[in-house]
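**Q** Got a file for you: entry.pdb, PDB, C-alpha atoms.
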```
ATOM      1  CA  MET R 300      -7.037  12.466  15.825
ATOM      2  CA  GLY R 301      -9.978  12.898  18.164
ATOM      3  CA  ASN R 302     -12.397  12.033  15.362
ATOM      4  CA  MET R 303     -10.617   8.690  14.905
ATOM      5  CA  ARG R 304     -12.487   7.464  17.977
ATOM      6  CA  LYS R 305     -15.821   8.163  16.285
ATOM      7  CA  VAL R 306     -16.788   5.046  14.391
ATOM      8  CA  SER R 307     -19.232   5.791  11.617
ATOM      9  CA  ALA R 308     -20.185   4.644   8.163
ATOM     10  CA  GLU R 309     -18.844   7.961   6.867
ATOM     11  CA  ARG R 310     -15.356   7.296   8.245
ATOM     12  CA  PHE R 311     -15.286   3.917   6.509
ATOM     13  CA  ARG R 312     -16.569   5.452   3.239
ATOM     14  CA  PHE R 313     -13.919   8.159   3.483
ATOM     15  CA  LEU R 314     -11.118   5.629   3.979
ATOM     16  CA  THR R 315     -12.459   3.435   1.174
ATOM     17  CA  GLN R 316     -12.346   6.401  -1.216
ATOM     18  CA  ARG R 317      -8.899   7.498  -0.083
ATOM     19  CA  ILE R 318      -7.418   4.003  -0.290
ATOM     20  CA  THR R 319      -8.922   3.528  -3.760
ATOM     21  CA  ILE R 320      -7.520   6.834  -5.033
ATOM     22  CA  ALA R 321      -4.101   6.244  -3.463
ATOM     23  CA  THR R 322      -3.989   2.778  -5.033
ATOM     24  CA  LYS R 323      -4.749   4.163  -8.488
ATOM     25  CA  MET R 324      -2.050   6.803  -8.015
ATOM     26  CA  GLN R 325       0.367   4.253  -6.533
ATOM     27  CA  ASP R 326       0.847   6.570  -3.567
ATOM     28  CA  TRP R 327       2.255   3.996  -1.178
ATOM     29  CA  HIS R 328       2.948   6.523   1.578
ATOM     30  CA  ALA R 329      -0.698   7.599   1.575
ATOM     31  CA  ILE R 330      -1.818   3.985   1.665
ATOM     32  CA  ALA R 331       0.401   3.369   4.693
ATOM     33  CA  ARG R 332      -1.162   6.388   6.388
ATOM     34  CA  TYR R 333      -4.714   5.225   5.579
ATOM     35  CA  ASP R 334      -3.834   1.699   6.695
ATOM     36  CA  SER R 335      -2.813   3.102  10.058
ATOM     37  CA  GLU R 336      -6.020   5.157  10.300
ATOM     38  CA  LEU R 337      -8.071   2.097   9.381
ATOM     39  CA  SER R 338      -6.343   0.025  12.028
ATOM     40  CA  GLU R 339      -7.138   2.654  14.665
ATOM     41  CA  LEU R 340     -10.730   2.903  13.480
ATOM     42  CA  LEU R 341     -11.219  -0.861  13.531
ATOM     43  CA  SER R 342      -9.723  -1.098  17.021
ATOM     44  CA  ALA R 343     -11.867   1.739  18.319
ATOM     45  CA  GLY R 344     -15.041   0.344  16.790
ATOM     46  CA  ARG R 345     -14.766  -3.375  17.478
ATOM     47  CA  ASP R 346     -18.206  -3.454  19.084
ATOM     48  CA  SER R 347     -19.925  -1.687  16.198
ATOM     49  CA  LEU R 348     -18.394  -3.538  13.232
ATOM     50  CA  THR R 349     -21.393  -5.851  12.986
ATOM     51  CA  ASP R 350     -23.870  -2.969  13.170
ATOM     52  CA  PRO R 351     -26.014  -3.248   9.998
ATOM     53  CA  ARG R 352     -25.417   0.459   9.293
ATOM     54  CA  ILE R 353     -21.638   0.014   9.380
ATOM     55  CA  ALA R 354     -20.978  -3.594   8.313
ATOM     56  CA  PRO R 355     -21.408  -2.991   4.545
ATOM     57  CA  HIS R 356     -18.884  -0.138   4.709
ATOM     58  CA  VAL R 357     -16.441  -2.319   6.612
ATOM     59  CA  ALA R 358     -16.739  -4.873   3.785
ATOM     60  CA  ASP R 359     -16.125  -2.124   1.206
ATOM     61  CA  VAL R 360     -12.993  -0.825   2.930
ATOM     62  CA  LYS R 361     -11.774  -4.384   3.376
ATOM     63  CA  ALA R 362     -12.113  -4.943  -0.393
ATOM     64  CA  ALA R 363     -10.334  -1.651  -1.176
ATOM     65  CA  HIS R 364      -7.579  -2.586   1.270
ATOM     66  CA  LYS R 365      -7.140  -5.961  -0.440
ATOM     67  CA  VAL R 366      -6.834  -4.282  -3.858
ATOM     68  CA  ALA R 367      -4.243  -1.885  -2.419
ATOM     69  CA  TYR R 368      -2.318  -4.760  -0.858
ATOM     70  CA  ASN R 369      -2.259  -6.664  -4.151
ATOM     71  CA  ALA R 370      -1.175  -3.548  -6.077
ATOM     72  CA  LEU R 371       1.633  -2.929  -3.595
ATOM     73  CA  LYS R 372       2.698  -6.560  -3.794
ATOM     74  CA  GLU R 373       2.812  -6.349  -7.605
ATOM     75  CA  ALA R 374       4.734  -3.062  -7.541
ATOM     76  CA  SER R 375       7.211  -4.550  -5.057
ATOM     77  CA  SER R 376       7.757  -7.566  -7.307
ATOM     78  CA  LYS R 377       8.365  -5.320 -10.313
ATOM     79  CA  LEU R 378      10.822  -3.211  -8.328
ATOM     80  CA  GLU R 379      12.677  -6.295  -7.129
ATOM     81  CA  ALA R 380      12.940  -7.536 -10.733
ATOM     82  CA  GLN R 381      14.285  -4.146 -11.866
ATOM     83  CA  MET R 382      16.807  -4.074  -9.034
ATOM     84  CA  SER R 383      17.942  -7.595  -9.873
ATOM     85  CA  LYS R 384      18.398  -6.612 -13.519
ATOM     86  CA  VAL R 385      20.438  -3.540 -12.532
ATOM     87  CA  ASN R 386      22.613  -5.677 -10.249
ATOM     88  CA  GLU R 387      23.233  -8.160 -13.061
ATOM     89  CA  GLN R 388      24.153  -5.315 -15.408
ATOM     90  CA  GLN R 389      26.534  -3.864 -12.826
ATOM     91  CA  GLU R 390      28.192  -7.222 -12.335
ATOM     92  CA  GLY R 391      28.580  -7.584 -16.102
ATOM     93  CA  THR R 392      30.071  -4.111 -16.370
ATOM     94  CA  LEU R 393      32.514  -4.798 -13.553
ATOM     95  CA  ALA R 394      33.555  -8.098 -15.153
ATOM     96  CA  TYR R 395      34.085  -6.316 -18.480
ATOM     97  CA  GLN R 396      36.119  -3.560 -16.829
ATOM     98  CA  LEU R 397      38.228  -6.144 -15.019
ATOM     99  CA  ALA R 398      38.821  -8.077 -18.250
ATOM    100  CA  MET R 399      39.762  -4.884 -20.082
ATOM    101  CA  SER R 400      42.173  -3.835 -17.330
ATOM    102  CA  MET R 401      43.849  -7.240 -17.441
ATOM    103  CA  GLU R 402      44.496  -6.831 -21.172
ATOM    104  CA  ASP R 403      46.350  -3.574 -20.656
TER     105      ASP R 403
END
```
Could I get this file's structure written as structure tokens?
**A**
Amino acid sequence: MGNMRKVSAERFRFLTQRITIATKMQDWHAIARYDSELSELLSAGRDSLTDPRIAPHVADVKAAHKVAYNALKEASSKLEAQMSKVNEQQEGTLAYQLAMSMED
């Protein structure tokens, strides 16, 4: 992680590409990893974030990060809806089984 301390336009471009690819693949573990790397990079490079050679790349990675966040939020909502549906089905099945056992 020694190169994490080196703040450069290339590091931001690299993370932008990786976050974009991971988002398209819905690889949430990779996004978490890149989010952590981005956090370290931003912390290490606070003084250079306004540098005209780096600032546009910071904006690009910020946009990619926002897309990833929104995709994760949508995927989480879908998963919650699926889990709720499964729970409802389980409850219905249990109620049916209970009713059937009471008839016997």
**Q** Could you pull out every residue with an atom within 10 Å of (-4.8, -0.1, 5.6), file coordinates, counting all atoms listed in the file, and send them as a PDB file with C-alpha atoms, keeping the file's coordinate frame?
**A**
```pdb
ATOM      1  CA  LEU R 314     -11.118   5.629   3.979  1.00  0.00           C
ATOM      2  CA  THR R 315     -12.459   3.435   1.174  1.00  0.00           C
ATOM      3  CA  ILE R 318      -7.418   4.003  -0.290  1.00  0.00           C
ATOM      4  CA  ALA R 329      -0.698   7.599   1.575  1.00  0.00           C
ATOM      5  CA  ILE R 330      -1.818   3.985   1.665  1.00  0.00           C
ATOM      6  CA  ALA R 331       0.401   3.369   4.693  1.00  0.00           C
ATOM      7  CA  ARG R 332      -1.162   6.388   6.388  1.00  0.00           C
ATOM      8  CA  TYR R 333      -4.714   5.225   5.579  1.00  0.00           C
ATOM      9  CA  ASP R 334      -3.834   1.699   6.695  1.00  0.00           C
ATOM     10  CA  SER R 335      -2.813   3.102  10.058  1.00  0.00           C
ATOM     11  CA  GLU R 336      -6.020   5.157  10.300  1.00  0.00           C
ATOM     12  CA  LEU R 337      -8.071   2.097   9.381  1.00  0.00           C
ATOM     13  CA  SER R 338      -6.343   0.025  12.028  1.00  0.00           C
ATOM     14  CA  GLU R 339      -7.138   2.654  14.665  1.00  0.00           C
ATOM     15  CA  VAL R 360     -12.993  -0.825   2.930  1.00  0.00           C
ATOM     16  CA  LYS R 361     -11.774  -4.384   3.376  1.00  0.00           C
ATOM     17  CA  ALA R 363     -10.334  -1.651  -1.176  1.00  0.00           C
ATOM     18  CA  HIS R 364      -7.579  -2.586   1.270  1.00  0.00           C
ATOM     19  CA  LYS R 365      -7.140  -5.961  -0.440  1.00  0.00           C
ATOM     20  CA  ALA R 367      -4.243  -1.885  -2.419  1.00  0.00           C
ATOM     21  CA  TYR R 368      -2.318  -4.760  -0.858  1.00  0.00           C
TER      22      TYR R 368
END
```
**Q** Considering all atoms listed in the file, state which residue in the set R:Gly344, R:Lys323, R:Lys384, R:Gln396 is at the smallest distance from Leu371 (chain R).
**A**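 Using all atoms listed in the file, Leu371 (chain R) sits closest to R:Lys323.
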**Q** Determine the axis-aligned bounding box of all atoms of region 313-318 of chain R present in the file, pad each side by 4 Å, and express its centre and edge lengths in Å to one decimal place as lines of an AutoDock Vina configuration file.
**A**
```
center_x = -10.7
center_y = 5.8
center_z = 1.4
size_x = 14.5
size_y = 12.7
size_z = 13.2
```
**Q** Between CA of Ala343 (chain R) and CA of Arg317 (chain R), what is the distance in Å, rounded to a tenth?
**A**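 Between these atoms lies a distance of 19.5 Å.
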**Q** From the list R:Ala398, R:Ala370, R:Glu387, R:Leu341, which residue is nearest Ala321 (chain R) when using all atoms listed in the file?
**A** R:Ala370
**Q** Using all atoms listed in the file, can you tell me which of R:Asp326, R:Asp359, R:Glu402, R:Glu373 comes closest to Glu309 (chain R)?
**A** R:Asp359
**Q** Looking at R:Val385, R:Ala308, R:Gln325, R:Leu348, which one is nearest to Asn369 (chain R), with distances taken over all atoms listed in the file?
**A**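 Distance minimum relative to Asn369 (chain R) lands on R:Gln325.
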**Q** Quick one: distance from CA of Ile353 (chain R) to CA of Trp327 (chain R) in Å, one decimal?
**A**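 Here the two named atoms are 26.4 Å from each other.
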**Q** Go through R:Glu390, R:Ile320, R:Arg345, R:His328 one by one, measure the shortest atom-to-atom distance of each to Lys305 (chain R) using all atoms listed in the file, and give the residue with the smallest value.
**A**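 Of R:Glu390, R:Ile320, R:Arg345, R:His328, the one nearest Lys305 (chain R), counting all atoms listed in the file, is R:Arg345.
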**Q** Just the number, please: distance in Å from CA of Thr322 (chain R) to CA of Val366 (chain R), one decimal.
**A** 7.7 Å
**Q** Would you please work out which residue, of R:Gln389, R:Thr319, R:Ser347, R:Ser383, is nearest to Val306 (chain R) when using all atoms listed in the file?
**A**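 Closest to Val306 (chain R), using all atoms listed in the file: R:Ser347.
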